[in-house]
file input.pdb (PDB, C-alpha atoms)
ATOM      1  CA  MET A1260      15.752  25.697  -3.329
ATOM      2  CA  ALA A1261      14.670  22.149  -2.482
ATOM      3  CA  VAL A1262      15.742  19.055  -4.378
ATOM      4  CA  TYR A1263      13.309  16.190  -4.036
ATOM      5  CA  LEU A1264      14.194  12.620  -4.888
ATOM      6  CA  ILE A1265      10.874  10.781  -5.209
ATOM      7  CA  THR A1266      10.828   7.065  -5.927
ATOM      8  CA  GLY A1267       7.528   5.620  -7.083
ATOM      9  CA  ALA A1268       6.808   9.164  -8.288
ATOM     10  CA  THR A1269       4.415   8.004 -11.004
ATOM     11  CA  SER A1270       1.919   6.707  -8.415
ATOM     12  CA  ASP A1271      -1.242   8.697  -7.692
ATOM     13  CA  VAL A1272       0.300   9.814  -4.396
ATOM     14  CA  GLY A1273       3.631  10.689  -6.021
ATOM     15  CA  ARG A1274       2.046  12.901  -8.637
ATOM     16  CA  ALA A1275      -0.230  14.658  -6.161
ATOM     17  CA  LEU A1276       2.719  15.224  -3.852
ATOM     18  CA  ILE A1277       4.796  16.808  -6.624
ATOM     19  CA  GLU A1278       1.883  19.074  -7.455
ATOM     20  CA  ARG A1279       1.563  20.088  -3.813
ATOM     21  CA  ILE A1280       5.193  20.724  -2.868
ATOM     22  CA  MET A1281       6.800  22.053  -6.020
ATOM     23  CA  GLY A1282       8.142  25.572  -5.505
ATOM     24  CA  PRO A1283       9.322  27.857  -8.310
ATOM     25  CA  GLU A1284      13.016  27.102  -7.722
ATOM     26  CA  ASP A1285      12.697  23.432  -6.807
ATOM     27  CA  LEU A1286      13.892  20.343  -8.644
ATOM     28  CA  VAL A1287      12.242  16.919  -8.557
ATOM     29  CA  ILE A1288      14.189  13.809  -9.482
ATOM     30  CA  ALA A1289      11.417  11.318 -10.170
ATOM     31  CA  GLN A1290      11.753   7.544 -10.479
ATOM     32  CA  GLY A1291       9.156   5.334 -12.103
ATOM     33  CA  MET A1292       9.175   2.042 -13.926
ATOM     34  CA  GLY A1293       7.652   1.761 -17.383
ATOM     35  CA  ASP A1294       5.141   4.539 -16.721
ATOM     36  CA  LEU A1295       7.023   7.840 -16.886
ATOM     37  CA  HIS A1296       4.399   9.196 -19.294
ATOM     38  CA  LEU A1297       2.229   9.687 -16.204
ATOM     39  CA  LEU A1298       4.507  12.607 -15.330
ATOM     40  CA  ASP A1299       4.026  14.380 -18.684
ATOM     41  CA  ASP A1300       1.384  16.829 -17.424
ATOM     42  CA  LEU A1301       3.484  17.794 -14.424
ATOM     43  CA  SER A1302       6.587  18.199 -16.575
ATOM     44  CA  SER A1303       4.697  20.527 -18.910
ATOM     45  CA  ALA A1304       3.375  22.534 -15.970
ATOM     46  CA  HIS A1305       6.877  22.847 -14.454
ATOM     47  CA  PRO A1306       9.270  23.030 -17.398
ATOM     48  CA  GLY A1307      12.825  21.981 -16.541
ATOM     49  CA  GLN A1308      11.969  21.234 -12.927
ATOM     50  CA  ILE A1309      11.242  17.507 -13.174
ATOM     51  CA  VAL A1310      13.801  14.984 -14.346
ATOM     52  CA  SER A1311      12.521  11.454 -14.623
ATOM     53  CA  TYR A1312      14.238   8.087 -14.650
ATOM     54  CA  ASP A1313      12.885   4.699 -15.651
ATOM     55  CA  ILE A1314      14.625   2.393 -13.162
ATOM     56  CA  ASP A1315      13.875  -1.092 -11.855
ATOM     57  CA  LEU A1316      14.519  -0.668  -8.135
ATOM     58  CA  THR A1317      15.020  -4.416  -7.709
ATOM     59  CA  ASP A1318      18.023  -4.361 -10.049
ATOM     60  CA  PRO A1319      20.987  -3.401  -7.839
ATOM     61  CA  ALA A1320      23.237  -2.459 -10.782
ATOM     62  CA  ALA A1321      20.540  -0.221 -12.294
ATOM     63  CA  LEU A1322      19.946   1.413  -8.913
ATOM     64  CA  ASP A1323      23.678   1.983  -8.369
ATOM     65  CA  GLY A1324      23.932   3.542 -11.833
ATOM     66  CA  PHE A1325      20.961   5.784 -11.125
ATOM     67  CA  LEU A1326      22.400   6.951  -7.807
ATOM     68  CA  ALA A1327      25.797   7.614  -9.389
ATOM     69  CA  GLU A1328      24.243   9.621 -12.195
ATOM     70  CA  ILE A1329      22.058  11.816 -10.009
ATOM     71  CA  GLY A1330      25.042  12.257  -7.657
ATOM     72  CA  GLU A1331      27.052  13.726 -10.531
ATOM     73  CA  LYS A1332      24.374  15.711 -12.347
ATOM     74  CA  TYR A1333      22.268  17.307  -9.638
ATOM     75  CA  PRO A1334      22.674  18.944  -6.248
ATOM     76  CA  LEU A1335      22.289  16.686  -3.213
ATOM     77  CA  PRO A1336      18.607  15.981  -2.547
ATOM     78  CA  THR A1337      17.277  17.850   0.455
ATOM     79  CA  HIS A1338      14.224  15.565   0.543
ATOM     80  CA  PHE A1339      13.843  11.859  -0.200
ATOM     81  CA  VAL A1340      10.364  10.345  -0.482
ATOM     82  CA  HIS A1341      10.130   6.588  -1.018
ATOM     83  CA  LEU A1342       6.761   5.413  -2.348
ATOM     84  CA  PRO A1343       7.220   2.207  -4.369
ATOM     85  CA  ALA A1344       5.181  -0.837  -3.414
ATOM     86  CA  LEU A1345       3.697  -3.827  -5.140
ATOM     87  CA  ARG A1346      -0.054  -4.170  -5.253
ATOM     88  CA  VAL A1347      -1.425  -6.014  -2.259
ATOM     89  CA  VAL A1348      -1.982  -9.712  -2.806
ATOM     90  CA  ASN A1349      -4.863 -11.073  -0.768
ATOM     91  CA  ALA A1350      -3.837 -14.681  -0.153
ATOM     92  CA  LYS A1351      -3.712 -17.108   2.705
ATOM     93  CA  PHE A1352      -0.220 -17.624   4.051
ATOM     94  CA  LYS A1353      -0.095 -21.231   2.824
ATOM     95  CA  ASN A1354      -0.818 -20.048  -0.722
ATOM     96  CA  PHE A1355       1.827 -17.308  -0.804
ATOM     97  CA  ASP A1356       4.679 -17.899  -3.161
ATOM     98  CA  GLU A1357       7.842 -17.467  -1.082
ATOM     99  CA  SER A1358       9.420 -15.443  -3.861
ATOM    100  CA  ARG A1359       6.742 -12.819  -3.350
ATOM    101  CA  PHE A1360       8.104 -12.014   0.115
ATOM    102  CA  LEU A1361      11.536 -11.402  -1.355
ATOM    103  CA  LEU A1362      10.142  -9.280  -4.160
ATOM    104  CA  ASP A1363       8.182  -7.085  -1.721
ATOM    105  CA  MET A1364      11.313  -6.685   0.382
ATOM    106  CA  ASN A1365      13.433  -5.802  -2.636
ATOM    107  CA  VAL A1366      10.995  -3.281  -4.110
ATOM    108  CA  GLN A1367      10.246  -1.464  -0.889
ATOM    109  CA  VAL A1368      12.955  -2.120   1.644
ATOM    110  CA  MET A1369      16.280  -3.069   0.069
ATOM    111  CA  SER A1370      15.937  -0.258  -2.463
ATOM    112  CA  ALA A1371      15.368   2.142   0.445
ATOM    113  CA  VAL A1372      18.439   0.838   2.254
ATOM    114  CA  LYS A1373      20.603   1.407  -0.817
ATOM    115  CA  ILE A1374      19.266   4.898  -1.492
ATOM    116  CA  CYS A1375      19.509   5.907   2.170
ATOM    117  CA  LYS A1376      23.113   4.684   2.319
ATOM    118  CA  ALA A1377      23.902   6.914  -0.639
ATOM    119  CA  LEU A1378      22.037   9.981   0.620
ATOM    120  CA  LEU A1379      21.871  10.139   4.402
ATOM    121  CA  PRO A1380      25.594  10.483   5.182
ATOM    122  CA  ARG A1381      25.697  13.388   2.725
ATOM    123  CA  MET A1382      22.503  14.916   4.142
ATOM    124  CA  ALA A1383      24.119  14.666   7.595
ATOM    125  CA  LYS A1384      27.146  16.606   6.363
ATOM    126  CA  ALA A1385      24.812  19.206   4.883
ATOM    127  CA  LYS A1386      23.018  19.332   8.285
ATOM    128  CA  PHE A1387      19.613  19.041   6.654
ATOM    129  CA  GLY A1388      17.428  16.303   5.285
ATOM    130  CA  ARG A1389      13.838  15.159   5.178
ATOM    131  CA  VAL A1390      13.189  11.489   4.526
ATOM    132  CA  LEU A1391       9.661  10.164   4.250
ATOM    133  CA  PHE A1392       8.165   6.742   3.688
ATOM    134  CA  ILE A1393       4.661   5.523   3.207
ATOM    135  CA  GLN A1394       3.600   2.711   5.478
ATOM    136  CA  THR A1395       0.088   1.435   6.038
ATOM    137  CA  SER A1396      -2.465   1.363   8.815
ATOM    138  CA  TYR A1397      -2.121  -2.439   8.563
ATOM    139  CA  THR A1398       1.020  -2.084  10.689
ATOM    140  CA  ILE A1399      -0.949  -0.409  13.507
ATOM    141  CA  GLY A1400      -2.417  -3.047  15.824
ATOM    142  CA  ALA A1401      -3.581  -6.343  14.359
ATOM    143  CA  PRO A1402      -3.235  -6.472  10.578
ATOM    144  CA  PRO A1403      -5.947  -7.928   8.379
ATOM    145  CA  LYS A1404      -5.463 -11.575   7.519
ATOM    146  CA  ASN A1405      -4.067 -12.690   4.163
ATOM    147  CA  THR A1406      -1.679  -9.803   3.497
ATOM    148  CA  ALA A1407       1.499 -11.280   5.001
ATOM    149  CA  ALA A1408       4.038 -10.224   2.347
ATOM    150  CA  TYR A1409       2.807  -6.628   2.260
ATOM    151  CA  VAL A1410       2.612  -6.294   6.046
ATOM    152  CA  MET A1411       6.074  -7.834   6.451
ATOM    153  CA  ALA A1412       7.685  -5.367   4.036
ATOM    154  CA  LYS A1413       5.819  -2.375   5.472
ATOM    155  CA  SER A1414       6.826  -3.400   9.003
ATOM    156  CA  ALA A1415      10.454  -3.567   7.872
ATOM    157  CA  ILE A1416      10.094  -0.016   6.556
ATOM    158  CA  GLY A1417       8.894   0.997  10.032
ATOM    159  CA  GLY A1418      11.987  -0.542  11.613
ATOM    160  CA  LEU A1419      14.273   1.193   9.132
ATOM    161  CA  VAL A1420      12.605   4.548   9.763
ATOM    162  CA  LYS A1421      13.020   4.328  13.527
ATOM    163  CA  SER A1422      16.637   3.229  13.245
ATOM    164  CA  LEU A1423      17.609   5.947  10.783
ATOM    165  CA  ALA A1424      15.695   8.560  12.785
ATOM    166  CA  VAL A1425      17.774   8.063  15.914
ATOM    167  CA  GLU A1426      21.029   7.727  14.017
ATOM    168  CA  TYR A1427      20.605  10.946  12.042
ATOM    169  CA  ALA A1428      18.576  13.126  14.436
ATOM    170  CA  ARG A1429      21.691  14.981  15.590
ATOM    171  CA  PHE A1430      22.397  16.113  12.044
ATOM    172  CA  GLY A1431      19.120  17.822  11.203
ATOM    173  CA  VAL A1432      17.892  14.865   9.180
ATOM    174  CA  THR A1433      14.376  13.658  10.021
ATOM    175  CA  VAL A1434      12.986  10.301   8.950
ATOM    176  CA  ASN A1435       9.253   9.658   9.172
ATOM    177  CA  CYS A1436       6.303   7.732   7.780
ATOM    178  CA  VAL A1437       2.689   8.313   6.985
ATOM    179  CA  ALA A1438       0.387   5.322   7.433
ATOM    180  CA  PRO A1439      -2.834   5.685   5.451
ATOM    181  CA  SER A1440      -5.752   3.334   5.771
ATOM    182  CA  MET A1441      -7.018   1.843   2.526
ATOM    183  CA  MET A1442      -6.575   4.603  -0.042
ATOM    184  CA  GLU A1443      -8.594   4.720  -3.238
ATOM    185  CA  THR A1444      -5.955   4.841  -5.977
ATOM    186  CA  ARG A1445      -4.807   2.790  -8.968
ATOM    187  CA  PHE A1446      -2.938   0.708  -6.388
ATOM    188  CA  LEU A1447      -6.215  -1.049  -5.525
ATOM    189  CA  THR A1448      -6.717  -2.450  -9.018
ATOM    190  CA  ASP A1449      -6.137  -6.019  -7.782
ATOM    191  CA  THR A1450      -8.250  -5.634  -4.634
ATOM    192  CA  PRO A1451     -11.826  -6.949  -4.942
ATOM    193  CA  ASP A1452     -14.479  -4.192  -4.903
ATOM    194  CA  LEU A1453     -16.205  -5.886  -2.001
ATOM    195  CA  VAL A1454     -13.080  -5.510   0.130
ATOM    196  CA  VAL A1455     -12.808  -1.818  -0.805
ATOM    197  CA  GLN A1456     -16.494  -1.179  -0.061
ATOM    198  CA  ALA A1457     -16.377  -3.071   3.245
ATOM    199  CA  SER A1458     -13.316  -1.095   4.301
ATOM    200  CA  ALA A1459     -15.123   2.183   3.562
ATOM    201  CA  ALA A1460     -18.241   1.074   5.436
ATOM    202  CA  ASP A1461     -16.222   0.009   8.483
ATOM    203  CA  ASN A1462     -14.201   3.244   8.659
ATOM    204  CA  PRO A1463     -15.419   5.579  11.447
ATOM    205  CA  MET A1464     -15.604   8.375   8.845
ATOM    206  CA  GLY A1465     -17.572   6.106   6.513
ATOM    207  CA  ARG A1466     -15.142   6.175   3.611
ATOM    208  CA  ASN A1467     -11.667   5.160   2.533
ATOM    209  CA  ALA A1468      -8.692   7.511   2.515
ATOM    210  CA  ARG A1469      -8.142   9.670  -0.547
ATOM    211  CA  VAL A1470      -4.897  10.961  -1.967
ATOM    212  CA  LYS A1471      -5.860  14.493  -0.955
ATOM    213  CA  ASP A1472      -6.211  13.345   2.668
ATOM    214  CA  VAL A1473      -2.715  11.897   2.748
ATOM    215  CA  VAL A1474      -0.617  14.343   0.734
ATOM    216  CA  PRO A1475      -1.005  17.300   3.169
ATOM    217  CA  ALA A1476       0.249  15.088   6.022
ATOM    218  CA  MET A1477       3.237  14.170   3.868
ATOM    219  CA  ALA A1478       3.877  17.805   2.960
ATOM    220  CA  PHE A1479       3.887  18.693   6.652
ATOM    221  CA  LEU A1480       6.448  16.022   7.578
ATOM    222  CA  LEU A1481       8.623  17.235   4.687
ATOM    223  CA  SER A1482       8.390  20.855   5.773
ATOM    224  CA  GLU A1483      10.978  22.949   7.575
ATOM    225  CA  GLU A1484       8.639  23.411  10.522
ATOM    226  CA  ALA A1485       8.443  19.651  11.194
ATOM    227  CA  ARG A1486      12.108  19.840  12.249
ATOM    228  CA  PHE A1487      11.608  18.314  15.719
ATOM    229  CA  ILE A1488       9.475  15.395  14.551
ATOM    230  CA  THR A1489      11.398  12.268  13.672
ATOM    231  CA  GLY A1490      10.919   8.509  13.837
ATOM    232  CA  VAL A1491       7.131   8.762  13.817
ATOM    233  CA  THR A1492       4.453   7.001  11.859
ATOM    234  CA  LEU A1493       1.569   9.398  11.343
ATOM    235  CA  PRO A1494      -1.700   7.502  10.871
ATOM    236  CA  VAL A1495      -4.031   9.016   8.260
ATOM    237  CA  THR A1496      -6.953   6.701   8.771
ATOM    238  CA  GLY A1497     -10.189   8.514   9.592
ATOM    239  CA  GLY A1498      -9.941   6.730  12.934
ATOM    240  CA  SER A1499      -9.889   3.181  11.573
ATOM    241  CA  ALA A1500      -6.500   2.502  13.159
ATOM    242  CA  ILE A1501      -5.359   4.395  16.222
ATOM    243  CA  GLU A1502      -1.978   3.947  17.857
TER
ATOM    244  CA  MET B  76     -25.758 -24.507 -12.863
ATOM    245  CA  ASP B  77     -28.407 -26.080 -10.595
ATOM    246  CA  LYS B  78     -28.658 -25.684  -6.856
ATOM    247  CA  ASN B  79     -26.676 -28.830  -6.059
ATOM    248  CA  GLN B  80     -23.854 -27.812  -8.360
ATOM    249  CA  ILE B  81     -23.744 -24.383  -6.743
ATOM    250  CA  LEU B  82     -23.672 -26.000  -3.285
ATOM    251  CA  ASP B  83     -20.800 -28.287  -4.359
ATOM    252  CA  ALA B  84     -18.781 -25.391  -5.728
ATOM    253  CA  VAL B  85     -19.468 -23.298  -2.621
ATOM    254  CA  GLN B  86     -18.455 -26.224  -0.422
ATOM    255  CA  ASN B  87     -15.135 -26.447  -2.258
ATOM    256  CA  ILE B  88     -14.581 -22.737  -1.660
ATOM    257  CA  PHE B  89     -15.316 -23.216   2.054
ATOM    258  CA  ARG B  90     -12.974 -26.224   2.225
ATOM    259  CA  ASP B  91     -10.151 -24.328   0.570
ATOM    260  CA  ASN B  92     -10.704 -21.180   2.621
ATOM    261  CA  PHE B  93     -10.835 -22.952   5.976
ATOM    262  CA  ASP B  94      -8.147 -25.524   5.141
ATOM    263  CA  ASP B  95     -10.487 -28.405   5.901
ATOM    264  CA  ASP B  96     -11.066 -31.027   3.226
ATOM    265  CA  THR B  97     -13.683 -32.786   5.334
ATOM    266  CA  LEU B  98     -15.892 -29.735   5.870
ATOM    267  CA  VAL B  99     -19.492 -30.402   4.866
ATOM    268  CA  ILE B 100     -21.878 -27.473   4.533
ATOM    269  CA  THR B 101     -25.646 -27.347   4.178
ATOM    270  CA  PRO B 102     -27.989 -24.408   3.586
ATOM    271  CA  ALA B 103     -28.388 -24.165   7.364
ATOM    272  CA  THR B 104     -24.644 -23.822   8.048
ATOM    273  CA  SER B 105     -23.849 -20.427   9.572
ATOM    274  CA  ALA B 106     -20.961 -18.571  11.204
ATOM    275  CA  GLN B 107     -21.946 -20.223  14.487
ATOM    276  CA  ASP B 108     -20.972 -23.612  13.059
ATOM    277  CA  ILE B 109     -17.517 -22.703  11.740
ATOM    278  CA  GLU B 110     -15.234 -21.224  14.341
ATOM    279  CA  ASP B 111     -13.066 -19.180  11.950
ATOM    280  CA  TRP B 112     -15.938 -17.706   9.927
ATOM    281  CA  ASP B 113     -15.613 -14.039  10.854
ATOM    282  CA  SER B 114     -16.451 -10.929   8.840
ATOM    283  CA  LEU B 115     -13.092 -10.889   7.056
ATOM    284  CA  GLU B 116     -13.314 -14.575   6.151
ATOM    285  CA  GLN B 117     -16.790 -13.893   4.845
ATOM    286  CA  ILE B 118     -15.403 -11.268   2.472
ATOM    287  CA  ASN B 119     -12.733 -13.755   1.356
ATOM    288  CA  LEU B 120     -15.371 -16.430   0.772
ATOM    289  CA  LEU B 121     -17.529 -14.014  -1.189
ATOM    290  CA  THR B 122     -14.684 -12.768  -3.375
ATOM    291  CA  ALA B 123     -13.759 -16.379  -4.175
ATOM    292  CA  MET B 124     -17.417 -16.956  -5.130
ATOM    293  CA  GLU B 125     -17.429 -13.838  -7.329
ATOM    294  CA  LYS B 126     -14.473 -15.288  -9.203
ATOM    295  CA  LYS B 127     -15.925 -18.801  -9.437
ATOM    296  CA  PHE B 128     -19.391 -17.768 -10.618
ATOM    297  CA  GLY B 129     -18.439 -14.649 -12.607
ATOM    298  CA  ILE B 130     -20.721 -12.397 -10.553
ATOM    299  CA  LYS B 131     -20.395  -9.189  -8.523
ATOM    300  CA  PHE B 132     -21.849  -8.811  -5.040
ATOM    301  CA  LYS B 133     -22.862  -5.424  -3.686
ATOM    302  CA  LEU B 134     -22.082  -4.632  -0.076
ATOM    303  CA  GLU B 135     -25.757  -4.141   0.760
ATOM    304  CA  ASP B 136     -26.509  -7.611  -0.676
ATOM    305  CA  VAL B 137     -23.997  -9.340   1.550
ATOM    306  CA  ARG B 138     -24.450  -7.507   4.857
ATOM    307  CA  ASN B 139     -27.554  -9.504   5.819
ATOM    308  CA  LEU B 140     -26.497 -13.005   4.894
ATOM    309  CA  ASN B 141     -27.259 -15.327   7.809
ATOM    310  CA  ASN B 142     -26.266 -18.727   6.497
ATOM    311  CA  VAL B 143     -25.098 -20.720   3.497
ATOM    312  CA  GLY B 144     -28.693 -20.903   2.228
ATOM    313  CA  ASP B 145     -28.796 -17.096   1.939
ATOM    314  CA  ILE B 146     -25.509 -17.170   0.007
ATOM    315  CA  LEU B 147     -26.784 -19.877  -2.354
ATOM    316  CA  GLU B 148     -29.951 -17.903  -3.045
ATOM    317  CA  LEU B 149     -27.987 -14.755  -3.755
ATOM    318  CA  ILE B 150     -25.646 -16.589  -6.146
ATOM    319  CA  ALA B 151     -28.630 -18.183  -7.920
ATOM    320  CA  ARG B 152     -30.286 -14.768  -8.247
ATOM    321  CA  LEU B 153     -27.172 -13.021  -9.574
ATOM    322  CA  SER B 154     -26.198 -15.758 -11.993
ATOM    323  CA  ALA B 155     -29.746 -16.256 -13.332
TER
END
call {"tool": "encode", "arguments": {"input": "input.pdb", "output": "structure tokens"}}
result
Amino acid sequence: MAVYLITGATSDVGRALIERIMGPEDLVIAQGMGDLHLLDDLSSAHPGQIVSYDIDLTDPAALDGFLAEIGEKYPLPTHFVHLPALRVVNAKFKNFDESRFLLDMNVQVMSAVKICKALLPRMAKAKFGRVLFIQTSYTIGAPPKNTAAYVMAKSAIGGLVKSLAVEYARFGVTVNCVAPSMMETRFLTDTPDLVVQASAADNPMGRNARVKDVVPAMAFLLSEEARFITGVTLPVTGGSAIE
Amino acid sequence: MDKNQILDAVQNIFRDNFDDDTLVITPATSAQDIEDWDSLEQINLLTAMEKKFGIKFKLEDVRNLNNVGDILELIARLSA
């Protein structure tokens, strides 16, 4: 039996991942914010196997309460998948509100630090854990201009992944990332169509990434057989960014 | 909006995008004249113009733009 803690589970990727990995005995602890209804279909399809929590990850007290509650009510997660991110703002550096950098860091990075501190020492004792983050191809090579806050937070995730990977490798806990190129999801709502179309046209495969391209790569890194792979960022880019 | 008004508004978008309040553009201005005008900046310029003029460019419309004059014509056509 696997117990998945998935933050940002209401995203297109989160929902497709749940659909892909859910086994008959598994439990998913799903976090969203203000949009848990997006999990209704999955909950009906897997009765009793998905518990959902509406939590603001930038509120430390709410996050502590959430971690305490799931620590008491459910078995220790065997898998932790961290997906939350704010929509990309396309703005010149001089026009970025400084508070936006902090918000990106809090949503994506500081929440991950807190959750990892709660889970990883216990996963180490259990001698098993799979931890997975979603990065971006923007962190491979030169990033596009005008996305500083997003690239900064995603790069911090990369640093956290590498650090945790080496610290917990001895205990059967792997920590990895997937790094998709521009993926056509609800996440792109604030991105101009022209940017999305140009990205597709410039991709060597002639299109943007889709959720169904990325989720199998995630499922692999979460699998038992990926046991000797840790600290990596797996690009899922159609060749648009190559390490 | 007549052609001069469009040119003025486009010039303001160029000035803001390239951080240069003294930048003066004409229909003949092209990427050769502005050092930082690369393909990504062009997309940024065009998305700012979409917002300003309430229009939508298609990728095939904007792939063959050679200078500011081409952009002005396209805006005039789409906002007509």
call {"tool": "closest_atom_pairs", "arguments": {"input": "input.pdb", "of": "chain B", "to": "chain A", "cutoff": "12 Å", "atoms": "only C-alpha atoms", "output": "CSV"}}
result
residue,atom,partner,partner_atom,distance
B:Asp91,CA,A:Lys1351,CA,9.9
B:Asn92,CA,A:Lys1351,CA,8.1
B:Phe93,CA,A:Lys1351,CA,9.8
B:Asp94,CA,A:Lys1353,CA,9.4
B:Asp111,CA,A:Lys1404,CA,11.6
B:Asp113,CA,A:Lys1404,CA,11.0
B:Ser114,CA,A:Ala1457,CA,9.6
B:Leu115,CA,A:Lys1404,CA,7.7
B:Glu116,CA,A:Lys1404,CA,8.5
B:Gln117,CA,A:Val1454,CA,10.3
B:Ile118,CA,A:Val1454,CA,6.6
B:Asn119,CA,A:Val1454,CA,8.3
B:Leu120,CA,A:Leu1453,CA,10.9
B:Leu121,CA,A:Leu1453,CA,8.3
B:Thr122,CA,A:Pro1451,CA,6.7
B:Ala123,CA,A:Pro1451,CA,9.7
B:Met124,CA,A:Pro1451,CA,11.5
B:Glu125,CA,A:Pro1451,CA,9.2
B:Lys126,CA,A:Pro1451,CA,9.7
B:Ile130,CA,A:Leu1453,CA,11.7
B:Lys131,CA,A:Leu1453,CA,8.4
B:Phe132,CA,A:Leu1453,CA,7.0
B:Lys133,CA,A:Leu1453,CA,6.9
B:Leu134,CA,A:Leu1453,CA,6.3
B:Glu135,CA,A:Gln1456,CA,9.8
B:Asp136,CA,A:Leu1453,CA,10.5
B:Val137,CA,A:Leu1453,CA,9.2
B:Arg138,CA,A:Ala1457,CA,9.4
call {"tool": "resolve_selection", "arguments": {"input": "input.pdb", "expression": "the PyMOL selection byres ((chain A and resi 1260) around 12)", "output": "ChimeraX atom specification"}}
result
/A:1261-1263,1280-1287,1308,1334-1338
call {"tool": "write_last_selection", "arguments": {"input": "input.pdb", "atoms": "C-alpha atoms", "output": "short mmCIF file (atom, residue, chain, number, x, y, z; two decimals), in the coordinates of the input"}}
result
data_model
loop_
_atom_site.label_atom_id
_atom_site.label_comp_id
_atom_site.auth_asym_id
_atom_site.auth_seq_id
_atom_site.Cartn_x
_atom_site.Cartn_y
_atom_site.Cartn_z
CA ALA A 1261 14.67 22.15 -2.48
CA VAL A 1262 15.74 19.06 -4.38
CA TYR A 1263 13.31 16.19 -4.04
CA ILE A 1280 5.19 20.72 -2.87
CA MET A 1281 6.80 22.05 -6.02
CA GLY A 1282 8.14 25.57 -5.50
CA PRO A 1283 9.32 27.86 -8.31
CA GLU A 1284 13.02 27.10 -7.72
CA ASP A 1285 12.70 23.43 -6.81
CA LEU A 1286 13.89 20.34 -8.64
CA VAL A 1287 12.24 16.92 -8.56
CA GLN A 1308 11.97 21.23 -12.93
CA PRO A 1334 22.67 18.94 -6.25
CA LEU A 1335 22.29 16.69 -3.21
CA PRO A 1336 18.61 15.98 -2.55
CA THR A 1337 17.28 17.85 0.46
CA HIS A 1338 14.22 15.56 0.54
#
call {"tool": "atom_distance", "arguments": {"input": "input.pdb", "atom1": "CA of Val1495 (chain A)", "atom2": "CA of Pro1475 (chain A)"}}
result
10.2 Å
call {"tool": "residues_around", "arguments": {"input": "input.pdb", "residues": "Leu1423 (chain A)", "least_positions_apart": "6", "cutoff": "10 Å", "atoms": "all atoms listed in the file", "output": "number ranges by chain"}}
result
A: 1372, 1375, 1379, 1390, 1432-1435, 1489-1490
call {"tool": "write_last_selection", "arguments": {"input": "input.pdb", "atoms": "C-alpha atoms", "output": "mmCIF file, in the coordinates of the input"}}
result
data_model
loop_
_atom_site.group_PDB
_atom_site.id
_atom_site.type_symbol
_atom_site.label_atom_id
_atom_site.label_comp_id
_atom_site.auth_asym_id
_atom_site.auth_seq_id
_atom_site.Cartn_x
_atom_site.Cartn_y
_atom_site.Cartn_z
ATOM 1 C CA VAL A 1372 18.439 0.838 2.254
ATOM 2 C CA CYS A 1375 19.509 5.907 2.170
ATOM 3 C CA LEU A 1379 21.871 10.139 4.402
ATOM 4 C CA VAL A 1390 13.189 11.489 4.526
ATOM 5 C CA VAL A 1432 17.892 14.865 9.180
ATOM 6 C CA THR A 1433 14.376 13.658 10.021
ATOM 7 C CA VAL A 1434 12.986 10.301 8.950
ATOM 8 C CA ASN A 1435 9.253 9.658 9.172
ATOM 9 C CA THR A 1489 11.398 12.268 13.672
ATOM 10 C CA GLY A 1490 10.919 8.509 13.837
#
call {"tool": "residues_around", "arguments": {"input": "input.pdb", "residues": "Phe1360 (chain A)", "least_positions_apart": "6", "cutoff": "10 Å", "atoms": "only C-alpha atoms", "output": "list in words"}}
result
Ala1407, Ala1408, Tyr1409, Val1410, Met1411 and Ala1412 of chain A
call {"tool": "atom_distance", "arguments": {"input": "input.pdb", "atom1": "CA of Ala106 (chain B)", "atom2": "CA of Gly1465 (chain A)"}}
result
25.3 Å
call {"tool": "resolve_selection", "arguments": {"input": "input.pdb", "expression": "the PyMOL selection byres ((chain B and resi 153) around 10)", "output": "list in words"}}
result
Phe128, Gly129, Ile130, Lys131, Phe132, Leu147, Glu148, Leu149, Ile150, Ala151, Arg152, Ser154 and Ala155 of chain B
call {"tool": "atom_distance", "arguments": {"input": "input.pdb", "atom1": "CA of Val1474 (chain A)", "atom2": "CA of Gly1273 (chain A)"}}
result
8.8 Å
call {"tool": "closest_residue", "arguments": {"input": "input.pdb", "among": "A:Thr1444, A:Thr1492, A:Ser1396, A:Ser1458", "to": "Ala1424 (chain A)", "atoms": "all atoms listed in the file"}}
result
A:Thr1492
call {"tool": "axis_aligned_box", "arguments": {"input": "input.pdb", "around": "region 82-96 of chain B", "padding_each_side": "3 Å", "output": "AutoDock Vina command-line options"}}
result
--center_x -15.9 --center_y -26.1 --center_z 0.1 --size_x 21.5 --size_y 15.8 --size_z 17.7
call {"tool": "resolve_selection", "arguments": {"input": "input.pdb", "expression": "the PyMOL selection byres ((chain A and resi 1322) around 12)", "output": "MDAnalysis selection string"}}
result
chainID A and resid 1266 1290:1292 1312:1321 1323:1329 1365:1366 1369:1375 1377
call {"tool": "residues_around", "arguments": {"input": "input.pdb", "residues": "Pro102 (chain B)", "least_positions_apart": "5", "cutoff": "7 Å", "atoms": "only C-alpha atoms", "output": "list in words"}}
result
Asn142, Val143 and Gly144 of chain B
call {"tool": "residues_near_point", "arguments": {"input": "input.pdb", "point": "(5.7, 4.9, 1.6)", "cutoff": "7 Å", "atoms": "all atoms listed in the file", "output": "PyMOL selection string"}}
result
chain A and resi 1341-1343+1392-1394+1436
